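Visitor: Enclosed is the structure file start_2.cif (mmCIF, C-alpha atoms).
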```cif
data_model
#
loop_
_atom_site.label_atom_id
_atom_site.label_comp_id
_atom_site.auth_asym_id
_atom_site.auth_seq_id
_atom_site.Cartn_x
_atom_site.Cartn_y
_atom_site.Cartn_z
CA MET A 48 64.20 72.24 181.55
CA THR A 49 65.63 73.84 184.65
CA THR A 50 64.91 73.28 188.28
CA GLY A 51 64.90 75.73 191.13
CA ALA A 52 63.54 79.22 191.40
CA PRO A 53 62.96 80.99 188.13
CA THR A 54 65.29 83.91 187.58
CA SER A 55 64.82 86.85 185.35
CA PRO A 56 67.60 87.52 182.85
CA TYR A 57 67.55 91.16 183.95
CA THR A 58 68.35 90.47 187.60
CA ALA A 59 71.71 88.92 186.81
CA ARG A 60 72.99 91.88 184.76
CA ARG A 61 73.81 95.20 186.32
CA ARG A 62 73.66 98.27 184.12
CA SER A 63 76.91 100.11 183.77
CA PRO A 64 77.00 103.77 184.83
CA LEU A 65 77.65 104.76 181.22
CA ARG A 66 74.48 103.05 180.01
CA ARG A 67 72.53 104.57 182.88
CA TYR A 68 73.68 108.20 182.58
CA LEU A 69 74.49 108.59 178.87
CA PRO A 70 70.86 109.27 177.81
CA LEU A 71 70.53 111.80 180.63
CA GLY A 72 73.77 113.49 179.57
CA ILE A 73 72.68 113.67 175.93
CA ALA A 74 69.32 115.15 176.92
CA ALA A 75 71.01 117.78 179.13
CA TRP A 76 73.43 118.60 176.31
CA LEU A 77 70.57 119.07 173.82
CA VAL A 78 68.66 121.31 176.23
CA LEU A 79 71.81 123.39 176.81
CA GLU A 80 72.42 123.70 173.06
CA ILE A 81 68.86 124.84 172.38
CA TRP A 82 68.91 127.28 175.30
CA LEU A 83 72.19 128.84 174.13
CA LEU A 84 70.96 129.11 170.55
CA THR A 85 67.79 130.90 171.65
CA LEU A 86 69.82 133.16 173.95
CA VAL A 87 72.20 134.15 171.13
CA ALA A 88 69.30 134.51 168.67
CA GLY A 89 67.57 136.87 171.08
CA ALA A 90 70.70 138.98 171.49
CA ALA A 91 72.18 138.95 167.97
CA GLY A 92 69.28 137.89 165.76
CA GLY A 93 68.20 134.76 163.97
CA LEU A 94 70.24 135.45 160.84
CA THR A 95 73.43 135.65 162.89
CA VAL A 96 72.72 132.30 164.52
CA PHE A 97 71.98 130.76 161.13
CA LEU A 98 75.24 132.10 159.71
CA LEU A 99 77.15 130.78 162.76
CA LEU A 100 75.66 127.32 162.30
CA LEU A 101 76.36 127.38 158.55
CA ALA A 102 79.97 128.49 159.12
CA GLY A 103 80.43 125.70 161.68
CA PHE A 104 79.08 123.13 159.24
CA VAL A 105 81.34 124.30 156.40
CA ALA A 106 84.41 124.50 158.69
CA GLY A 107 83.69 121.00 160.03
CA ALA A 108 83.41 119.58 156.53
CA VAL A 109 86.73 121.16 155.55
CA VAL A 110 88.46 119.84 158.68
CA ILE A 111 87.13 116.30 158.15
CA LYS A 112 88.15 116.31 154.49
CA ARG A 113 91.63 117.60 155.32
CA ALA A 114 92.20 115.14 158.18
CA GLY A 115 90.97 112.25 156.06
CA ARG A 116 93.24 113.23 153.20
CA ARG A 117 96.19 113.51 155.60
CA ALA A 118 95.44 110.10 157.12
CA PHE A 119 95.18 108.49 153.68
CA GLN A 120 98.42 110.16 152.58
CA SER A 121 100.36 108.93 155.64
CA LEU A 122 98.97 105.42 155.14
CA ASN A 123 99.98 105.47 151.48
CA GLU A 124 103.51 106.69 152.31
CA ALA A 125 103.96 104.03 154.98
CA LEU A 126 102.83 101.26 152.63
CA GLN A 127 105.15 102.49 149.85
CA GLN A 128 108.10 102.44 152.26
CA GLY A 129 107.22 98.90 153.27
CA GLY A 130 106.60 99.71 156.92
CA SER A 131 103.53 99.57 159.00
CA PRO A 132 101.42 102.72 159.20
CA ALA A 133 102.21 104.91 162.16
CA ARG A 134 99.60 105.84 164.70
CA GLY A 135 96.88 108.23 163.62
CA GLY A 136 98.87 111.35 164.44
CA GLY A 137 95.78 113.10 165.74
CA ASN A 138 93.76 112.60 162.56
CA GLY A 139 91.02 110.76 164.45
CA LEU A 140 90.67 113.58 166.96
CA MET A 141 90.71 116.13 164.15
CA MET A 142 87.89 114.24 162.46
CA LEU A 143 85.98 114.17 165.74
CA GLY A 144 86.55 117.91 166.09
CA GLY A 145 85.24 118.44 162.56
CA LEU A 146 82.19 116.30 163.30
CA LEU A 147 81.48 118.33 166.44
CA LEU A 148 81.75 121.51 164.35
CA MET A 149 79.21 120.11 161.90
CA ILE A 150 76.68 119.30 164.62
CA PRO A 151 74.41 122.32 165.08
CA GLY A 152 75.02 124.02 168.40
CA LEU A 153 77.42 126.34 170.14
CA VAL A 154 78.68 123.95 172.82
CA SER A 155 79.57 121.32 170.23
CA ASP A 156 81.30 124.01 168.14
CA VAL A 157 83.45 125.06 171.09
CA ALA A 158 84.30 121.43 171.85
CA GLY A 159 85.15 120.84 168.17
CA LEU A 160 87.38 123.92 168.05
CA LEU A 161 89.16 122.79 171.22
CA LEU A 162 89.83 119.37 169.69
CA LEU A 163 91.60 121.06 166.79
CA LEU A 164 94.29 122.43 169.12
CA PRO A 165 97.39 120.17 169.32
CA PRO A 166 97.87 120.47 173.13
CA VAL A 167 94.26 119.44 173.68
CA GLN A 168 94.67 116.55 171.23
CA LYS A 169 97.73 115.31 173.12
CA ALA A 170 95.95 115.56 176.47
CA VAL A 171 92.84 113.76 175.21
CA SER A 172 94.84 111.00 173.53
CA ARG A 173 96.98 110.52 176.66
CA PHE A 174 93.83 110.35 178.82
CA THR A 175 92.12 107.79 176.57
CA GLU A 176 95.26 105.63 176.32
CA ASN A 177 95.62 105.58 180.12
CA ALA A 178 91.93 104.79 180.62
CA LEU A 179 92.04 101.98 178.07
CA GLU A 180 95.21 100.55 179.59
CA LYS A 181 93.62 100.58 183.06
CA ARG A 182 90.52 98.82 181.82
CA LEU A 183 92.56 96.15 180.07
CA ARG A 184 94.60 95.57 183.22
CA LYS A 185 91.44 95.23 185.32
CA ALA A 186 89.76 92.98 182.75
CA ALA A 187 87.79 90.18 184.34
CA PRO A 188 88.67 86.57 183.56
CA GLY A 189 87.02 85.48 180.36
CA SER A 190 86.98 88.95 178.83
CA LEU A 191 88.82 90.20 175.76
CA GLY A 192 91.76 91.50 177.79
CA ASP A 193 92.14 88.12 179.47
CA ALA A 194 92.03 86.36 176.09
CA ILE A 195 94.81 88.59 174.79
CA GLN A 196 96.93 87.83 177.85
CA GLN A 197 96.31 84.08 177.48
CA ALA A 198 97.31 84.18 173.83
CA ARG A 199 100.52 85.94 174.75
CA MET A 200 101.26 83.43 177.50
CA HIS A 201 100.59 80.34 175.41
CA ARG A 202 102.08 81.49 172.13
CA PRO A 203 105.18 83.63 172.75
CA ASP A 204 106.08 83.60 169.06
CA GLY A 205 102.83 85.46 168.33
CA ARG A 206 101.56 83.00 165.73
CA VAL A 207 97.84 82.46 165.42
CA VAL A 208 96.42 79.04 164.72
CA GLN A 209 93.12 79.29 162.95
CA GLY A 210 90.56 76.61 163.47
CA GLU A 211 86.91 75.74 163.71
CA VAL A 212 85.02 73.95 166.45
CA ILE A 213 82.36 71.52 165.28
CA ARG A 214 79.98 70.04 167.79
CA GLU A 215 77.92 67.05 166.82
CA ASP A 216 75.05 66.15 169.10
CA ARG A 217 74.31 62.48 168.61
CA PRO A 218 71.41 60.78 170.34
CA GLU A 219 72.15 58.02 172.80
CA PRO A 220 71.91 54.50 171.37
CA GLY A 221 68.34 53.30 171.45
CA ARG A 222 66.83 56.83 171.61
CA GLN A 223 65.68 58.64 168.53
CA ARG A 224 65.26 62.35 168.10
CA PRO A 225 61.81 63.66 167.32
CA PRO A 226 61.40 64.86 163.75
CA LEU A 227 62.09 68.55 163.16
CA MET A 228 58.98 69.14 161.12
CA GLY A 229 55.77 67.54 162.09
#
```
Translate the structure of the given file into structure tokens.
Guide:
Amino acid sequence: MTTGAPTSPYTARRRSPLRRYLPLGIAAWLVLEIWLLTLVAGAAGGLTVFLLLLAGFVAGAVVIKRAGRRAFQSLNEALQQGGSPARGGGNGLMMLGGLLLMIPGLVSDVAGLLLLLPPVQKAVSRFTENALEKRLRKAAPGSLGDAIQQARMHRPDGRVVQGEVIREDRPEPGRQRPPLMG
């Protein structure tokens, strides 16, 4: 039982800009894709648009299969040499590019083709690394980034001690708990 003014659980949380604008962005993207497809279909014909979409799907499937095979091969080589696997080498961005090619639409096809270019892959990976590093530096106390920093401060050797917390709620002497099932 609590005292004081009742508060709604929704008033304490503020929605992040991503959660607020992502549905709007997806809706705008879908409208743009449909508009471009109808524009190209009107100019070149429906069969041409269908063949473009089919070619994008097939090309995306080939790219994803190739990038996945390359990632598995590099992982296998690293494990055979006894080392740790190197970073993805752009395979994740190639898979994302292939996925964007498979999604029906011309804007997603252009974005997927751009992600297949190595200079674009380097720029995107650099941007995401910098953004992630900034967010981890600005992490609020009690967040995942703070927990990682605390673990590094308390355990410089990097060892992890596994454990389990067990909480036993015992009634005060003289008071009994009500039965669970009545």
Visitor: Report, as AutoDock Vina command-line options, the axis-aligned box around all atoms of segment 111-122 of chain A present in the file, extended by 8 Å on each side; give centre and edge lengths in Å to one decimal place.
Guide:
```
--center_x 93.7 --center_y 111.5 --center_z 155.4 --size_x 29.2 --size_y 28.2 --size_z 21.6
```
Visitor: Using only C-alpha atoms, which protein or nucleic acid residues come within 7 Å of segment 72-86 of chain A? Drop anything in the same chain fewer than 3 positions from it, and give the result as number ranges by chain.
Guide: A: 68-69, 89-90, 152-154
Visitor: May I have the protein, DNA and RNA residues with an atom at most 12 Å from (74.7, 128.7, 163.9), counting all atoms listed in the file in the file's coordinates, returned as a PyMOL selection string?
Guide: chain A and resi 80-81+83-85+87-88+91-106+148-157
Visitor: May I ask for the distance between atom CA of Leu163 of chain A and atom CA of Arg117 of chain A, given in Å to one decimal place?
Guide: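 Separation between atom CA of Leu163 of chain A and atom CA of Arg117 of chain A: 14.3 Å.
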Visitor: May I ask for the distance between atom CA of Leu162 of chain A and atom CA of Met141 of chain A, given in Å to one decimal place?
Guide: 6.5 Å
Visitor: Calculate how many Å separate atom CA of Gly139 of chain A from atom CA of Ala114 of chain A, rounding to one decimal.
Guide: 7.7 Å
Visitor: Have a look at A:Leu147, A:Leu140, A:Ile111, A:Leu183 and name the one nearest to Ala170 of chain A; count all atoms listed in the file.
Guide: A:Leu140
Visitor: So which residues fall inside 9 Å of (93.1, 110.0, 170.7) if we count all atoms listed in the file? Mind giving them as a list in words?
Guide: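 Those residues lying close to the given coordinates are Gly135, Gly136, Gly137, Asn138, Gly139, Leu140, Gln168, Lys169, Ala170, Val171, Ser172, Arg173, Phe174, Thr175 and Glu176 of chain A.
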Visitor: Quick one: of A:Pro70, A:Pro64, A:Pro165, A:Gly145, who's nearest to Ala108 of chain A, counting only C-alpha atoms?
Guide: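 Between A:Pro70, A:Pro64, A:Pro165, A:Gly145, the residue approaching Ala108 of chain A most closely is A:Gly145.
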